[in-house]
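Visitor: Dropping in data_21.txt, which is compact mmCIF, N, CA and C atoms:
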```
# COMPACT_ATOMS: atom_id res chain seq x y z
N MET A 258 96.61 119.57 -13.18
CA MET A 258 97.87 120.03 -12.62
C MET A 258 99.02 119.30 -13.31
N THR A 259 100.13 119.97 -13.40
CA THR A 259 101.32 119.41 -14.00
C THR A 259 102.19 118.78 -12.93
N GLU A 260 102.78 117.65 -13.22
CA GLU A 260 103.69 117.02 -12.28
C GLU A 260 105.00 117.80 -12.29
N THR A 261 105.52 118.12 -11.11
CA THR A 261 106.78 118.83 -11.01
C THR A 261 107.77 117.99 -10.23
N VAL A 262 109.02 118.38 -10.33
CA VAL A 262 110.10 117.68 -9.64
C VAL A 262 110.79 118.67 -8.72
N ILE A 263 111.10 118.24 -7.51
CA ILE A 263 111.89 119.07 -6.61
C ILE A 263 113.31 119.07 -7.15
N ARG A 264 113.82 120.24 -7.43
CA ARG A 264 115.14 120.37 -8.06
C ARG A 264 116.20 120.70 -7.02
N ALA A 265 117.35 120.08 -7.17
CA ALA A 265 118.47 120.31 -6.26
C ALA A 265 119.52 121.18 -6.92
N GLU A 266 119.10 122.22 -7.62
CA GLU A 266 120.03 123.13 -8.28
C GLU A 266 120.53 124.15 -7.25
N ASP A 267 121.80 124.48 -7.35
CA ASP A 267 122.42 125.41 -6.40
C ASP A 267 121.75 126.77 -6.37
N ASN A 268 121.24 127.20 -7.51
CA ASN A 268 120.72 128.56 -7.58
C ASN A 268 119.25 128.67 -7.15
N LEU A 269 118.60 127.57 -6.78
CA LEU A 269 117.21 127.61 -6.37
C LEU A 269 117.06 127.64 -4.85
N LEU A 270 116.02 128.32 -4.42
CA LEU A 270 115.65 128.31 -3.01
C LEU A 270 114.30 127.63 -2.88
N THR A 271 114.12 126.92 -1.78
CA THR A 271 112.87 126.23 -1.53
C THR A 271 112.22 126.83 -0.30
N LEU A 272 111.04 127.38 -0.50
CA LEU A 272 110.26 127.95 0.60
C LEU A 272 109.28 126.88 1.06
N ILE A 273 109.40 126.47 2.31
CA ILE A 273 108.51 125.46 2.87
C ILE A 273 107.72 126.10 4.00
N ASN A 274 106.39 126.01 3.88
CA ASN A 274 105.52 126.56 4.90
C ASN A 274 104.65 125.43 5.42
N VAL A 275 104.83 125.09 6.70
CA VAL A 275 104.06 124.03 7.33
C VAL A 275 102.96 124.70 8.16
N PHE A 276 101.73 124.38 7.84
CA PHE A 276 100.58 124.94 8.55
C PHE A 276 100.01 123.89 9.50
N GLU A 277 99.76 124.30 10.74
CA GLU A 277 98.96 123.48 11.66
C GLU A 277 97.52 123.92 11.44
N VAL A 278 96.63 122.95 11.26
CA VAL A 278 95.27 123.28 10.88
C VAL A 278 94.29 122.34 11.58
N GLU A 279 93.11 122.84 11.86
CA GLU A 279 92.04 121.98 12.37
C GLU A 279 91.62 121.05 11.23
N PRO A 280 91.41 119.78 11.52
CA PRO A 280 91.02 118.85 10.46
C PRO A 280 89.82 119.31 9.63
N SER A 281 88.89 120.00 10.25
CA SER A 281 87.71 120.48 9.52
C SER A 281 88.04 121.59 8.53
N LYS A 282 89.22 122.20 8.65
CA LYS A 282 89.62 123.31 7.76
C LYS A 282 90.70 122.90 6.76
N GLN A 283 91.18 121.66 6.83
CA GLN A 283 92.29 121.24 5.97
C GLN A 283 91.96 121.38 4.48
N ASP A 284 90.82 120.86 4.06
CA ASP A 284 90.46 120.93 2.64
C ASP A 284 90.33 122.37 2.16
N GLU A 285 89.78 123.24 3.00
CA GLU A 285 89.62 124.65 2.66
C GLU A 285 90.99 125.31 2.49
N LEU A 286 91.93 124.99 3.37
CA LEU A 286 93.28 125.55 3.28
C LEU A 286 93.99 125.05 2.01
N VAL A 287 93.88 123.77 1.72
CA VAL A 287 94.48 123.22 0.49
C VAL A 287 93.91 123.94 -0.73
N ALA A 288 92.61 124.10 -0.78
CA ALA A 288 91.97 124.77 -1.91
C ALA A 288 92.45 126.22 -2.04
N LEU A 289 92.59 126.91 -0.92
CA LEU A 289 93.04 128.30 -0.94
C LEU A 289 94.50 128.39 -1.41
N LEU A 290 95.35 127.49 -0.94
CA LEU A 290 96.75 127.48 -1.41
C LEU A 290 96.81 127.21 -2.91
N ASN A 291 96.02 126.26 -3.38
CA ASN A 291 95.99 125.96 -4.82
C ASN A 291 95.53 127.18 -5.62
N GLU A 292 94.51 127.86 -5.12
CA GLU A 292 94.01 129.06 -5.79
C GLU A 292 95.09 130.14 -5.84
N GLY A 293 95.80 130.33 -4.73
CA GLY A 293 96.85 131.34 -4.69
C GLY A 293 97.97 131.04 -5.68
N VAL A 294 98.35 129.78 -5.79
CA VAL A 294 99.39 129.41 -6.76
C VAL A 294 98.90 129.69 -8.17
N GLU A 295 97.68 129.26 -8.48
CA GLU A 295 97.13 129.44 -9.83
C GLU A 295 96.97 130.91 -10.21
N LYS A 296 96.45 131.72 -9.28
CA LYS A 296 96.11 133.10 -9.61
C LYS A 296 97.25 134.10 -9.43
N VAL A 297 98.15 133.83 -8.49
CA VAL A 297 99.17 134.84 -8.16
C VAL A 297 100.59 134.31 -8.31
N PHE A 298 100.94 133.31 -7.51
CA PHE A 298 102.35 132.95 -7.34
C PHE A 298 103.01 132.42 -8.61
N ARG A 299 102.33 131.59 -9.37
CA ARG A 299 102.98 131.00 -10.55
C ARG A 299 103.26 132.03 -11.64
N HIS A 300 102.66 133.21 -11.52
CA HIS A 300 102.87 134.26 -12.51
C HIS A 300 103.95 135.26 -12.09
N ARG A 301 104.51 135.07 -10.92
CA ARG A 301 105.53 135.98 -10.41
C ARG A 301 106.90 135.64 -10.99
N PRO A 302 107.74 136.65 -11.22
CA PRO A 302 109.11 136.37 -11.68
C PRO A 302 109.85 135.48 -10.70
N GLY A 303 110.58 134.51 -11.21
CA GLY A 303 111.40 133.64 -10.39
C GLY A 303 110.71 132.40 -9.87
N PHE A 304 109.39 132.29 -10.08
CA PHE A 304 108.67 131.10 -9.63
C PHE A 304 109.08 129.90 -10.47
N VAL A 305 109.34 128.76 -9.81
CA VAL A 305 109.72 127.53 -10.50
C VAL A 305 108.61 126.49 -10.37
N SER A 306 108.19 126.20 -9.14
CA SER A 306 107.15 125.18 -8.94
C SER A 306 106.59 125.30 -7.53
N ALA A 307 105.44 124.65 -7.34
CA ALA A 307 104.84 124.57 -6.01
C ALA A 307 104.19 123.20 -5.85
N THR A 308 104.24 122.69 -4.63
CA THR A 308 103.62 121.43 -4.27
C THR A 308 102.88 121.66 -2.96
N VAL A 309 101.63 121.23 -2.89
CA VAL A 309 100.84 121.34 -1.67
C VAL A 309 100.58 119.92 -1.17
N LEU A 310 100.91 119.68 0.10
CA LEU A 310 100.74 118.36 0.72
C LEU A 310 99.74 118.46 1.86
N ALA A 311 98.85 117.48 1.96
CA ALA A 311 97.86 117.43 3.04
C ALA A 311 98.20 116.27 3.96
N GLY A 312 98.41 116.56 5.24
CA GLY A 312 98.72 115.52 6.21
C GLY A 312 97.58 114.52 6.32
N LYS A 313 97.91 113.25 6.38
CA LYS A 313 96.89 112.20 6.43
C LYS A 313 96.04 112.28 7.70
N ASP A 314 96.59 112.85 8.77
CA ASP A 314 95.79 112.97 10.00
C ASP A 314 94.92 114.22 10.02
N GLY A 315 95.02 115.05 8.97
CA GLY A 315 94.19 116.24 8.86
C GLY A 315 94.68 117.47 9.58
N THR A 316 95.80 117.39 10.30
CA THR A 316 96.24 118.51 11.14
C THR A 316 97.37 119.34 10.53
N LYS A 317 97.86 118.96 9.38
CA LYS A 317 98.97 119.70 8.76
C LYS A 317 98.72 119.87 7.27
N VAL A 318 99.20 120.98 6.74
CA VAL A 318 99.26 121.23 5.30
C VAL A 318 100.64 121.83 5.05
N VAL A 319 101.31 121.33 4.02
CA VAL A 319 102.64 121.82 3.68
C VAL A 319 102.60 122.44 2.28
N ASN A 320 103.12 123.64 2.17
CA ASN A 320 103.27 124.30 0.88
C ASN A 320 104.77 124.38 0.60
N LEU A 321 105.22 123.73 -0.45
CA LEU A 321 106.62 123.70 -0.84
C LEU A 321 106.73 124.41 -2.18
N ALA A 322 107.46 125.51 -2.24
CA ALA A 322 107.60 126.27 -3.48
C ALA A 322 109.07 126.54 -3.76
N GLN A 323 109.46 126.36 -5.02
CA GLN A 323 110.83 126.65 -5.40
C GLN A 323 110.89 127.94 -6.21
N TRP A 324 111.94 128.71 -5.92
CA TRP A 324 112.12 130.04 -6.50
C TRP A 324 113.55 130.18 -7.01
N ARG A 325 113.75 131.05 -7.97
CA ARG A 325 115.08 131.30 -8.53
C ARG A 325 115.99 132.02 -7.54
N GLY A 326 115.45 132.84 -6.66
CA GLY A 326 116.32 133.54 -5.72
C GLY A 326 115.56 134.25 -4.62
N GLN A 327 116.31 134.70 -3.63
CA GLN A 327 115.74 135.39 -2.47
C GLN A 327 115.04 136.68 -2.89
N ASP A 328 115.59 137.39 -3.86
CA ASP A 328 114.95 138.63 -4.31
C ASP A 328 113.56 138.35 -4.88
N ASP A 329 113.41 137.22 -5.58
CA ASP A 329 112.10 136.86 -6.13
C ASP A 329 111.11 136.56 -5.01
N ILE A 330 111.57 135.87 -3.99
CA ILE A 330 110.71 135.56 -2.84
C ILE A 330 110.29 136.86 -2.15
N GLN A 331 111.25 137.74 -1.89
CA GLN A 331 110.95 138.99 -1.19
C GLN A 331 110.00 139.87 -2.00
N ALA A 332 110.21 139.96 -3.31
CA ALA A 332 109.32 140.76 -4.15
C ALA A 332 107.90 140.19 -4.14
N THR A 333 107.80 138.88 -4.16
CA THR A 333 106.48 138.25 -4.13
C THR A 333 105.81 138.49 -2.79
N LEU A 334 106.54 138.35 -1.70
CA LEU A 334 105.95 138.58 -0.38
C LEU A 334 105.51 140.03 -0.19
N ALA A 335 106.10 140.95 -0.93
CA ALA A 335 105.73 142.36 -0.85
C ALA A 335 104.53 142.69 -1.73
N ASP A 336 104.16 141.78 -2.63
CA ASP A 336 103.04 142.00 -3.54
C ASP A 336 101.72 141.97 -2.76
N PRO A 337 100.87 142.98 -2.93
CA PRO A 337 99.60 143.02 -2.18
C PRO A 337 98.72 141.79 -2.40
N ALA A 338 98.69 141.26 -3.60
CA ALA A 338 97.87 140.06 -3.87
C ALA A 338 98.41 138.86 -3.09
N ALA A 339 99.72 138.73 -3.04
CA ALA A 339 100.34 137.64 -2.28
C ALA A 339 100.09 137.82 -0.78
N GLN A 340 100.17 139.06 -0.31
CA GLN A 340 99.92 139.34 1.10
C GLN A 340 98.49 138.99 1.49
N GLU A 341 97.55 139.24 0.58
CA GLU A 341 96.15 138.90 0.86
C GLU A 341 95.99 137.39 1.01
N TYR A 342 96.64 136.60 0.14
CA TYR A 342 96.59 135.15 0.30
C TYR A 342 97.26 134.71 1.60
N GLY A 343 98.33 135.39 1.96
CA GLY A 343 98.99 135.09 3.23
C GLY A 343 98.06 135.30 4.41
N ARG A 344 97.32 136.40 4.41
CA ARG A 344 96.38 136.68 5.50
C ARG A 344 95.26 135.62 5.53
N ARG A 345 94.77 135.28 4.37
CA ARG A 345 93.66 134.31 4.29
C ARG A 345 94.11 132.91 4.73
N THR A 346 95.32 132.51 4.34
CA THR A 346 95.79 131.19 4.76
C THR A 346 96.09 131.17 6.26
N ALA A 347 96.64 132.26 6.79
CA ALA A 347 96.93 132.33 8.23
C ALA A 347 95.66 132.31 9.07
N ALA A 348 94.54 132.73 8.49
CA ALA A 348 93.27 132.67 9.21
C ALA A 348 92.76 131.24 9.32
N LEU A 349 93.23 130.35 8.43
CA LEU A 349 92.78 128.95 8.45
C LEU A 349 93.73 128.02 9.20
N GLY A 350 95.02 128.38 9.22
CA GLY A 350 96.00 127.52 9.87
C GLY A 350 97.19 128.33 10.34
N LYS A 351 97.90 127.79 11.32
CA LYS A 351 99.07 128.49 11.87
C LYS A 351 100.29 128.18 11.00
N PRO A 352 100.84 129.20 10.29
CA PRO A 352 101.97 128.97 9.40
C PRO A 352 103.31 128.96 10.14
N ALA A 353 104.26 128.19 9.60
CA ALA A 353 105.64 128.17 10.09
C ALA A 353 106.55 128.08 8.86
N PRO A 354 106.82 129.25 8.21
CA PRO A 354 107.60 129.24 6.98
C PRO A 354 109.10 129.22 7.23
N GLY A 355 109.83 128.71 6.24
CA GLY A 355 111.29 128.72 6.25
C GLY A 355 111.81 128.59 4.84
N VAL A 356 113.01 129.12 4.60
CA VAL A 356 113.65 129.03 3.28
C VAL A 356 114.82 128.06 3.39
N TYR A 357 114.89 127.14 2.43
CA TYR A 357 115.88 126.05 2.46
C TYR A 357 116.59 125.92 1.13
N SER A 358 117.74 125.27 1.17
CA SER A 358 118.42 124.76 -0.02
C SER A 358 118.19 123.26 -0.03
N VAL A 359 117.94 122.70 -1.21
CA VAL A 359 117.76 121.25 -1.31
C VAL A 359 119.13 120.61 -1.19
N ALA A 360 119.31 119.77 -0.19
CA ALA A 360 120.58 119.09 0.03
C ALA A 360 120.70 117.84 -0.83
N SER A 361 119.59 117.14 -1.05
CA SER A 361 119.62 115.93 -1.89
C SER A 361 118.20 115.56 -2.28
N VAL A 362 118.09 114.85 -3.41
CA VAL A 362 116.82 114.34 -3.91
C VAL A 362 117.08 112.92 -4.39
N PHE A 363 116.21 111.99 -4.02
CA PHE A 363 116.37 110.60 -4.43
C PHE A 363 115.11 110.14 -5.15
N GLY A 364 115.27 109.26 -6.09
CA GLY A 364 114.16 108.63 -6.77
C GLY A 364 114.21 107.13 -6.50
N ALA A 365 113.24 106.42 -7.04
CA ALA A 365 113.21 104.96 -6.87
C ALA A 365 114.42 104.33 -7.56
N ALA A 366 114.87 103.24 -6.99
CA ALA A 366 116.03 102.54 -7.57
C ALA A 366 115.63 101.78 -8.81
```
So that I can check it, write out the structure of this file as structure tokens.
Guide:
Amino acid sequence: MTETVIRAEDNLLTLINVFEVEPSKQDELVALLNEGVEKVFRHRPGFVSATVLAGKDGTKVVNLAQWRGQDDIQATLADPAAQEYGRRTAALGKPAPGVYSVASVFGAA
């Protein structure tokens, strides 16, 4: 995997989806999100980057994806392949998606 940086550019949107998941299903959900990014999402127009985070307590998984614009997000969500990944991930964990603008990003001093 390539290391990516969360960008605070005005023209980017950040889609954050927080999944509540049973600890026994966390690894499966992470693997499925990674597969979806590799096979579908990273090839869509407007895709910038994705980061998948696994909660240390096993009950949460966060998918953070940056996109060039709302139209790119909407077109991707309408794609049948993307919808299939959405159904499969929702079967493993309860999603709570939202679209954000990055207000600030800090690095080590």
Visitor: So that I can check the surroundings of Asp284 (chain A), please list as a PDB file with N, CA and C atoms, keeping the file's coordinate frame every protein, DNA and RNA residue that reaches within 8 Å of it, counting all atoms listed in the file and ignoring chain neighbours fewer than 6 positions away.
Guide:
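Output below, filename part-v8.pdb:
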```
ATOM      1  N   LEU A 290      95.350 127.490  -0.940  1.00  0.00           N
ATOM      2  CA  LEU A 290      96.750 127.480  -1.410  1.00  0.00           C
ATOM      3  C   LEU A 290      96.810 127.210  -2.910  1.00  0.00           C
ATOM      4  N   ALA A 311      98.850 117.480   1.960  1.00  0.00           N
ATOM      5  CA  ALA A 311      97.860 117.430   3.040  1.00  0.00           C
ATOM      6  C   ALA A 311      98.200 116.270   3.960  1.00  0.00           C
ATOM      7  N   GLY A 315      95.020 115.050   8.970  1.00  0.00           N
ATOM      8  CA  GLY A 315      94.190 116.240   8.860  1.00  0.00           C
ATOM      9  C   GLY A 315      94.680 117.470   9.580  1.00  0.00           C
TER      10      GLY A 315
END
```
Visitor: Would you list the contacts of Val287 (chain A) as a VMD selection string, taking every protein, DNA or RNA residue within 8 Å and counting all atoms listed in the file, but skipping same-chain residues closer than 2 positions in sequence?
Guide: chain A and resid 282 to 285 289 to 293 309 to 311 318 to 319
Visitor: Can you check which residues of region 262-293 of chain A DSSP gives as strand (DSSP E or B) on the backbone and send them as a VMD selection string?
Guide: chain A and resid 270 to 278
Visitor: Report as a PyMOL selection string all protein, DNA and RNA residues lying within 6.5 Å of region 271-281 of chain A, evaluated on all atoms listed in the file, omitting residues in the same chain fewer than 2 positions from it.
Guide: chain A and resi 269+283-285+314-324+349-359
Visitor: Ranking A:Ala360, A:Ala366, A:Gly303, A:Thr308 by minimum distance to Gly326 (chain A) and counting all atoms listed in the file, which one comes first?
Guide: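 Closest residue, counting all atoms listed in the file: A:Gly303.
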